[in-house]
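Raw contents of structure.tsv, TSV, C-alpha atoms:
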chain	number	residue	atom	x	y	z
A	1	MET	CA	97.24	71.29	114.01
A	2	ILE	CA	99.68	74.15	113.49
A	3	THR	CA	103.23	72.91	112.95
A	4	ILE	CA	106.18	74.92	114.28
A	5	LYS	CA	109.25	74.93	112.04
A	6	SER	CA	112.83	74.94	113.27
A	7	LYS	CA	115.28	77.58	112.06
A	8	ALA	CA	116.90	74.93	109.84
A	9	GLN	CA	113.55	74.01	108.29
A	10	ILE	CA	112.76	77.66	107.66
A	11	GLU	CA	116.12	77.99	105.89
A	12	HIS	CA	115.14	75.07	103.62
A	13	MET	CA	111.91	76.89	102.76
A	14	LYS	CA	113.88	80.08	102.16
A	15	GLU	CA	116.02	78.22	99.61
A	16	ALA	CA	112.85	77.15	97.79
A	17	GLY	CA	111.62	80.73	98.03
A	18	ALA	CA	114.80	82.04	96.41
A	19	ILE	CA	114.20	79.86	93.35
A	20	LEU	CA	110.59	80.98	93.19
A	21	ALA	CA	111.52	84.67	93.47
A	22	ALA	CA	114.18	84.31	90.78
A	23	CYS	CA	111.60	82.70	88.50
A	24	HIS	CA	109.22	85.60	89.03
A	25	ARG	CA	111.97	88.07	88.14
A	26	GLU	CA	112.49	86.30	84.81
A	27	ILE	CA	108.76	86.05	84.13
A	28	LYS	CA	108.42	89.80	84.65
A	29	LYS	CA	110.74	90.33	81.67
A	30	MET	CA	108.64	87.99	79.50
A	31	ILE	CA	105.26	89.60	80.04
A	32	VAL	CA	104.67	91.69	76.95
A	33	PRO	CA	101.79	91.88	74.46
A	34	GLY	CA	101.76	88.78	72.25
A	35	ILE	CA	103.00	86.15	74.68
A	36	THR	CA	100.66	83.29	75.58
A	37	THR	CA	99.98	82.07	79.09
A	38	ILE	CA	101.17	78.55	78.21
A	39	GLU	CA	104.55	80.00	77.22
A	40	ILE	CA	104.84	81.52	80.69
A	41	ASP	CA	103.90	78.20	82.28
A	42	ARG	CA	106.41	76.20	80.24
A	43	PHE	CA	109.18	78.65	81.07
A	44	ALA	CA	108.37	78.50	84.78
A	45	GLU	CA	108.40	74.70	84.86
A	46	GLN	CA	111.72	74.54	82.99
A	47	PHE	CA	113.24	77.18	85.27
A	48	ILE	CA	112.13	75.44	88.46
A	49	ARG	CA	113.37	72.04	87.31
A	50	LYS	CA	116.67	73.49	86.06
A	51	HIS	CA	117.31	74.67	89.61
A	52	GLY	CA	116.80	71.22	91.09
A	53	ALA	CA	113.26	71.80	92.32
A	54	THR	CA	109.80	70.72	91.19
A	55	PRO	CA	106.55	72.63	90.55
A	56	GLU	CA	104.35	71.49	93.43
A	57	GLN	CA	101.08	72.63	91.84
A	58	LYS	CA	101.42	70.29	88.85
A	59	GLY	CA	99.27	67.28	89.62
A	60	TYR	CA	97.93	68.74	92.89
A	61	ASN	CA	94.35	67.45	93.08
A	62	GLY	CA	94.56	66.97	89.34
A	63	PHE	CA	95.70	70.51	88.48
A	64	PRO	CA	97.58	70.03	85.19
A	65	TYR	CA	100.01	72.95	85.13
A	66	ALA	CA	103.08	74.30	86.94
A	67	THR	CA	101.51	77.74	87.40
A	68	CYS	CA	98.16	79.44	87.71
A	69	THR	CA	97.86	82.28	85.18
A	70	SER	CA	94.88	84.51	85.98
A	71	VAL	CA	94.10	87.26	83.46
A	72	ASN	CA	91.92	90.35	84.03
A	73	ASP	CA	88.66	89.12	85.66
A	74	VAL	CA	90.15	85.78	86.77
A	75	ILE	CA	90.68	85.87	90.53
A	76	CYS	CA	92.83	82.75	90.81
A	77	HIS	CA	93.62	79.24	89.53
A	78	GLY	CA	93.46	80.24	85.86
A	79	PHE	CA	94.61	77.56	83.40
A	80	PRO	CA	97.58	78.44	81.16
A	81	GLY	CA	96.70	77.99	77.51
A	82	LYS	CA	96.47	79.70	74.13
A	83	THR	CA	95.33	83.02	75.65
A	84	VAL	CA	97.42	85.78	74.07
A	85	LEU	CA	98.17	88.67	76.39
A	86	LYS	CA	97.36	92.06	74.91
A	87	ASP	CA	98.17	95.64	75.75
A	88	GLY	CA	96.19	96.77	78.79
A	89	ASP	CA	95.77	93.31	80.37
A	90	ILE	CA	96.80	92.37	83.88
A	91	ILE	CA	97.90	88.87	84.84
A	92	THR	CA	98.62	87.09	88.11
A	93	VAL	CA	101.16	84.25	88.05
A	94	ASP	CA	101.00	81.97	91.09
A	95	MET	CA	103.31	79.03	91.75
A	96	VAL	CA	104.61	76.72	94.46
A	97	VAL	CA	108.19	75.43	94.46
A	98	ASN	CA	109.21	72.16	96.12
A	99	LEU	CA	112.90	71.92	96.97
A	100	ASN	CA	113.89	68.73	98.76
A	101	GLY	CA	110.42	68.39	100.27
A	102	TRP	CA	110.08	71.96	101.53
A	103	LEU	CA	107.70	74.41	99.87
A	104	ALA	CA	107.46	78.09	99.05
A	105	ASP	CA	104.40	79.79	97.55
A	106	SER	CA	104.19	83.22	95.90
A	107	ALA	CA	101.94	85.04	93.44
A	108	TRP	CA	102.51	88.35	91.69
A	109	SER	CA	100.35	90.46	89.43
A	110	TYR	CA	101.87	92.06	86.35
A	111	THR	CA	100.82	94.70	83.85
A	112	VAL	CA	100.90	93.99	80.12
A	113	GLY	CA	102.02	97.05	78.18
A	114	ASN	CA	100.08	100.19	79.05
A	115	VAL	CA	97.22	99.65	81.50
A	116	SER	CA	94.41	101.88	82.72
A	117	GLU	CA	94.80	104.05	85.81
A	118	GLN	CA	92.23	101.84	87.54
A	119	ALA	CA	94.21	98.67	86.78
A	120	GLN	CA	97.46	100.20	88.00
A	121	HIS	CA	95.80	101.46	91.16
A	122	LEU	CA	94.37	97.98	91.79
A	123	LEU	CA	97.83	96.40	91.53
A	124	ASP	CA	99.43	99.07	93.72
A	125	VAL	CA	96.81	98.73	96.45
A	126	THR	CA	96.82	94.93	96.35
A	127	LYS	CA	100.59	94.85	96.78
A	128	GLU	CA	100.45	97.40	99.60
A	129	SER	CA	97.67	95.45	101.31
A	130	LEU	CA	99.95	92.41	101.38
A	131	TYR	CA	102.56	94.43	103.23
A	132	LYS	CA	99.94	95.88	105.58
A	133	GLY	CA	99.16	92.29	106.51
A	134	ILE	CA	102.80	91.32	106.86
A	135	GLU	CA	103.32	94.21	109.31
A	136	GLN	CA	100.86	92.49	111.63
A	137	ALA	CA	102.58	89.08	111.40
A	138	VAL	CA	104.45	89.37	114.69
A	139	ILE	CA	104.64	87.16	117.76
A	140	GLY	CA	101.66	87.71	120.04
A	141	ASN	CA	99.30	89.07	117.40
A	142	ARG	CA	96.43	86.97	116.08
A	143	ILE	CA	95.59	85.90	112.53
A	144	GLY	CA	92.64	88.31	112.63
A	145	ASP	CA	95.02	91.24	113.04
A	146	ILE	CA	96.50	90.40	109.62
A	147	SER	CA	93.04	89.96	108.10
A	148	HIS	CA	91.67	93.20	109.51
A	149	ALA	CA	94.63	95.34	108.42
A	150	ILE	CA	94.25	94.13	104.84
A	151	GLN	CA	90.51	94.67	104.66
A	152	VAL	CA	90.57	98.14	106.21
A	153	TYR	CA	93.25	99.38	103.82
A	154	ALA	CA	91.83	97.73	100.68
A	155	GLU	CA	88.31	99.00	101.26
A	156	SER	CA	89.57	102.50	102.08
A	157	GLU	CA	91.00	102.55	98.55
A	158	GLY	CA	87.71	101.47	96.99
A	159	PHE	CA	88.38	97.79	96.35
A	160	SER	CA	86.70	94.63	97.64
A	161	VAL	CA	88.47	91.70	99.31
A	162	VAL	CA	87.84	88.19	98.02
A	163	ARG	CA	86.40	85.90	100.71
A	164	GLU	CA	86.41	82.49	99.06
A	165	PHE	CA	90.19	82.11	98.74
A	166	ILE	CA	92.57	82.72	101.63
A	167	GLY	CA	96.12	82.28	102.88
A	168	HIS	CA	97.32	79.28	104.86
A	169	GLY	CA	100.09	77.59	106.73
A	170	ILE	CA	102.75	75.91	104.59
A	171	GLY	CA	105.74	73.62	105.09
A	172	LYS	CA	106.02	70.11	103.71
A	173	ASP	CA	102.38	70.39	102.63
A	174	MET	CA	100.97	73.16	100.46
A	175	HIS	CA	98.00	73.83	102.70
A	176	GLU	CA	98.49	73.55	106.44
A	177	GLU	CA	96.87	75.18	109.43
A	178	PRO	CA	96.18	77.96	110.19
A	179	GLN	CA	93.85	79.47	107.64
A	180	VAL	CA	94.63	83.13	106.93
A	181	PRO	CA	91.61	85.15	105.73
A	182	HIS	CA	92.14	88.63	104.31
A	183	TYR	CA	89.04	90.12	105.91
A	184	GLY	CA	87.36	90.14	109.30
A	185	PRO	CA	87.70	91.61	112.80
A	186	PRO	CA	90.99	92.00	114.67
A	187	ASN	CA	92.05	90.02	117.74
A	188	VAL	CA	90.50	86.72	116.63
A	189	GLY	CA	91.97	83.43	115.45
A	190	PRO	CA	95.15	81.62	116.45
A	191	ARG	CA	97.89	83.61	118.15
A	192	LEU	CA	101.11	83.93	116.15
A	193	LYS	CA	104.10	82.08	117.54
A	194	GLU	CA	107.77	81.89	116.60
A	195	GLY	CA	108.35	79.20	113.99
A	196	MET	CA	104.97	79.42	112.29
A	197	VAL	CA	105.17	79.76	108.49
A	198	ILE	CA	102.19	81.13	106.59
A	199	THR	CA	101.19	82.65	103.29
A	200	ILE	CA	99.44	86.00	103.04
A	201	GLU	CA	97.86	86.41	99.62
A	202	PRO	CA	95.16	89.09	99.33
A	203	MET	CA	93.02	89.10	96.19
A	204	LEU	CA	91.30	92.42	95.52
A	205	ASN	CA	88.58	93.22	92.99
A	206	THR	CA	87.45	96.45	91.39
A	207	GLY	CA	83.79	95.47	91.89
A	208	THR	CA	82.08	92.83	93.98
A	209	TYR	CA	84.19	90.36	95.95
A	210	ARG	CA	81.93	87.51	94.83
A	211	SER	CA	83.22	84.89	92.40
A	212	LYS	CA	81.95	82.32	89.94
A	213	MET	CA	83.62	79.15	88.74
A	214	ASP	CA	84.38	78.15	85.14
A	215	SER	CA	83.37	74.72	83.86
A	216	ASP	CA	86.95	73.45	84.36
A	217	GLY	CA	86.26	73.43	88.10
A	218	TRP	CA	89.34	75.54	88.86
A	219	THR	CA	89.18	78.98	87.26
A	220	ALA	CA	87.49	81.51	89.56
A	221	ARG	CA	86.28	84.79	88.07
A	222	THR	CA	84.75	87.94	89.44
A	223	MET	CA	80.97	87.74	89.42
A	224	ASP	CA	80.61	91.10	87.68
A	225	GLY	CA	83.53	90.88	85.24
A	226	GLY	CA	85.61	93.42	87.16
A	227	LEU	CA	89.39	93.19	87.39
A	228	SER	CA	91.14	91.16	90.07
A	229	ALA	CA	94.73	91.18	91.34
A	230	GLN	CA	96.74	89.17	93.87
A	231	TYR	CA	100.08	89.39	95.63
A	232	GLU	CA	101.41	86.66	97.88
A	233	HIS	CA	104.45	85.94	100.02
A	234	THR	CA	105.46	83.02	102.19
A	235	LEU	CA	106.75	84.28	105.54
A	236	ALA	CA	108.05	82.97	108.82
A	237	ILE	CA	107.14	84.36	112.24
A	238	THR	CA	110.43	85.07	114.01
A	239	ALA	CA	111.65	86.79	117.16
A	240	ASP	CA	112.89	89.62	114.92
A	241	GLY	CA	109.55	90.06	113.14
A	242	PRO	CA	108.14	88.56	109.94
A	243	GLU	CA	110.77	87.10	107.60
A	244	ILE	CA	109.67	86.99	103.97
A	245	LEU	CA	110.93	83.77	102.39
A	246	THR	CA	109.93	84.59	98.79
A	247	LEU	CA	111.49	88.03	98.38
A	248	GLN	CA	111.92	89.22	94.81
Could you show the structure in this file as structure tokens?
Amino acid sequence: MITIKSKAQIEHMKEAGAILAACHREIKKMIVPGITTIEIDRFAEQFIRKHGATPEQKGYNGFPYATCTSVNDVICHGFPGKTVLKDGDIITVDMVVNLNGWLADSAWSYTVGNVSEQAQHLLDVTKESLYKGIEQAVIGNRIGDISHAIQVYAESEGFSVVREFIGHGIGKDMHEEPQVPHYGPPNVGPRLKEGMVITIEPMLNTGTYRSKMDSDGWTARTMDGGLSAQYEHTLAITADGPEILTLQ
């Protein structure tokens, strides 16, 4: 069942989103060659807790960290650890903030030092594809209109769209209805209504969209070892158009 949020509830989620966005701004300054992914995770958890919130991902279905840190060929759900970031890497940091029971979810991909033209193009197109999807998140459109806009743009730029991992509704629970794929035909799926809150989070790959899972049961990688990037916002459907709740 799709839950409709009141304006007051959306404001609570926006407050969580402000903490999340501020954390991403600080993380951006930290991402340089030589830092480890566990250092990023520890900083994020401390930052979130310092602002009176909690990292919702930690403990979710047994996930042991406050963030997902996905480097190079990792699509999503990468475990923070001793991995040292080096010049030319790309990394996606994904996290969910819980403030007084209301959630916000956002992921951003970052460059480490000097990256290849291909890597930079991947990040640019992935970010733009998110906004192509957000443009379609208006009252009266359907979920498929978001999905289709993302796929058409991403594939026109030479990248593939991950199928296995998709966006979703969000509120008091991390994953609510509706599901929000980033591929598929337009004019299908639930119709967008005022008060719905969803995430749009396209993951694009330089090669095949297919993935494989590491032995930890969480870390998803590209099947062919190609690069992967992701950008994600939490947004509300409003009478004035989509309102991004996790703006940086």
Restrict the calculation to all atoms listed in the file, then for each residue of segment 124-163 of chain A with any atom at most 10 Å from an atom of segment 222-235 of chain A give the closest atom pair and their distance in Å to one decimal, rows by chain and rising residue number, as JSON lines.
{"residue": "A:Asp124", "atom": "CA", "partner": "A:Ala229", "partner_atom": "CA", "distance": 9.5}
{"residue": "A:Val125", "atom": "CA", "partner": "A:Ala229", "partner_atom": "CA", "distance": 9.4}
{"residue": "A:Thr126", "atom": "CA", "partner": "A:Gln230", "partner_atom": "CA", "distance": 6.3}
{"residue": "A:Lys127", "atom": "CA", "partner": "A:Tyr231", "partner_atom": "CA", "distance": 5.6}
{"residue": "A:Glu128", "atom": "CA", "partner": "A:Tyr231", "partner_atom": "CA", "distance": 8.9}
{"residue": "A:Ser129", "atom": "CA", "partner": "A:Tyr231", "partner_atom": "CA", "distance": 8.6}
{"residue": "A:Leu130", "atom": "CA", "partner": "A:Tyr231", "partner_atom": "CA", "distance": 6.5}
{"residue": "A:Tyr131", "atom": "CA", "partner": "A:His233", "partner_atom": "CA", "distance": 9.3}
{"residue": "A:Ile134", "atom": "CA", "partner": "A:Leu235", "partner_atom": "CA", "distance": 8.2}
{"residue": "A:Ala137", "atom": "CA", "partner": "A:Leu235", "partner_atom": "CA", "distance": 8.6}
{"residue": "A:Phe159", "atom": "CA", "partner": "A:Ser228", "partner_atom": "CA", "distance": 9.5}
{"residue": "A:Ser160", "atom": "CA", "partner": "A:Ser228", "partner_atom": "CA", "distance": 9.4}
{"residue": "A:Val161", "atom": "CA", "partner": "A:Ser228", "partner_atom": "CA", "distance": 9.6}
{"residue": "A:Val162", "atom": "CA", "partner": "A:Ser228", "partner_atom": "CA", "distance": 9.1}
Would you give me, as CSV, each residue of segment 73-96 of chain A having an atom within 8 Å of an atom of segment 102-106 of chain A, along with its shortest atom pair and that distance in Å to one decimal, using only C-alpha atoms and sorting by chain and residue number?
residue,atom,partner,partner_atom,distance
A:Asp94,CA,A:Ser106,CA,5.9
A:Met95,CA,A:Asp105,CA,6.0
A:Val96,CA,A:Asp105,CA,4.4
Next on the checklist: Counting all atoms listed in the file, find residues at most 9 Å from (107.0, 72.8, 109.0) (file frame) and give them as a VMD selection string.
Outcome noted: chain A and resid 2 to 6 9 to 10 13 102 169 to 173 176 195 to 197
Item to check | A:Gly158, A:Gly217, A:Gly101, A:Pro242 ranked by distance to Leu192 of chain A, top pick (using all atoms listed in the file) | outcome: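 Selected residue with least distance to Leu192 of chain A: A:Pro242.
Nearest residue to Asp214 of chain A, choosing from A:Ile150, A:Cys76, A:Ile139, A:Val84 and counting only C-alpha atoms: A:Cys76.
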Item to check | From A:Gln248, A:Thr219, A:Glu155, A:Ile48, residue lying nearest Gly207 of chain A [all atoms listed in the file] | outcome: A:Glu155
Checklist entry - With only C-alpha atoms as the atoms that count, which of A:Val32, A:Val115, A:Ile146, A:Met203 lies nearest to Ile75 of chain A? => result A:Met203
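Using all atoms listed in the file, the smallest distance between any of A:Asn100, A:Thr54, A:Gln118, A:Asn187 and Asn205 of chain A comes from A:Gln118.
Excluding Tyr60 of chain A and any residue on its chain fewer than 3 positions from it, the residues at most 12 Å away by only C-alpha atoms are Pro55, Glu56, Gln57, Phe63, Pro64, Tyr65, Ala66, Thr67, Cys68, His77, Met95, Val96, Asp173, Met174, His175 and Trp218 of chain A.
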Checklist entry - Can you tell me, as number ranges by chain, which residues sit within 12 Å of (91.3, 89.9, 105.2) in the file's frame, using all atoms listed in the file? => result A: 126, 129-130, 132-134, 136, 143-155, 160-167, 179-186, 188, 200-204, 209
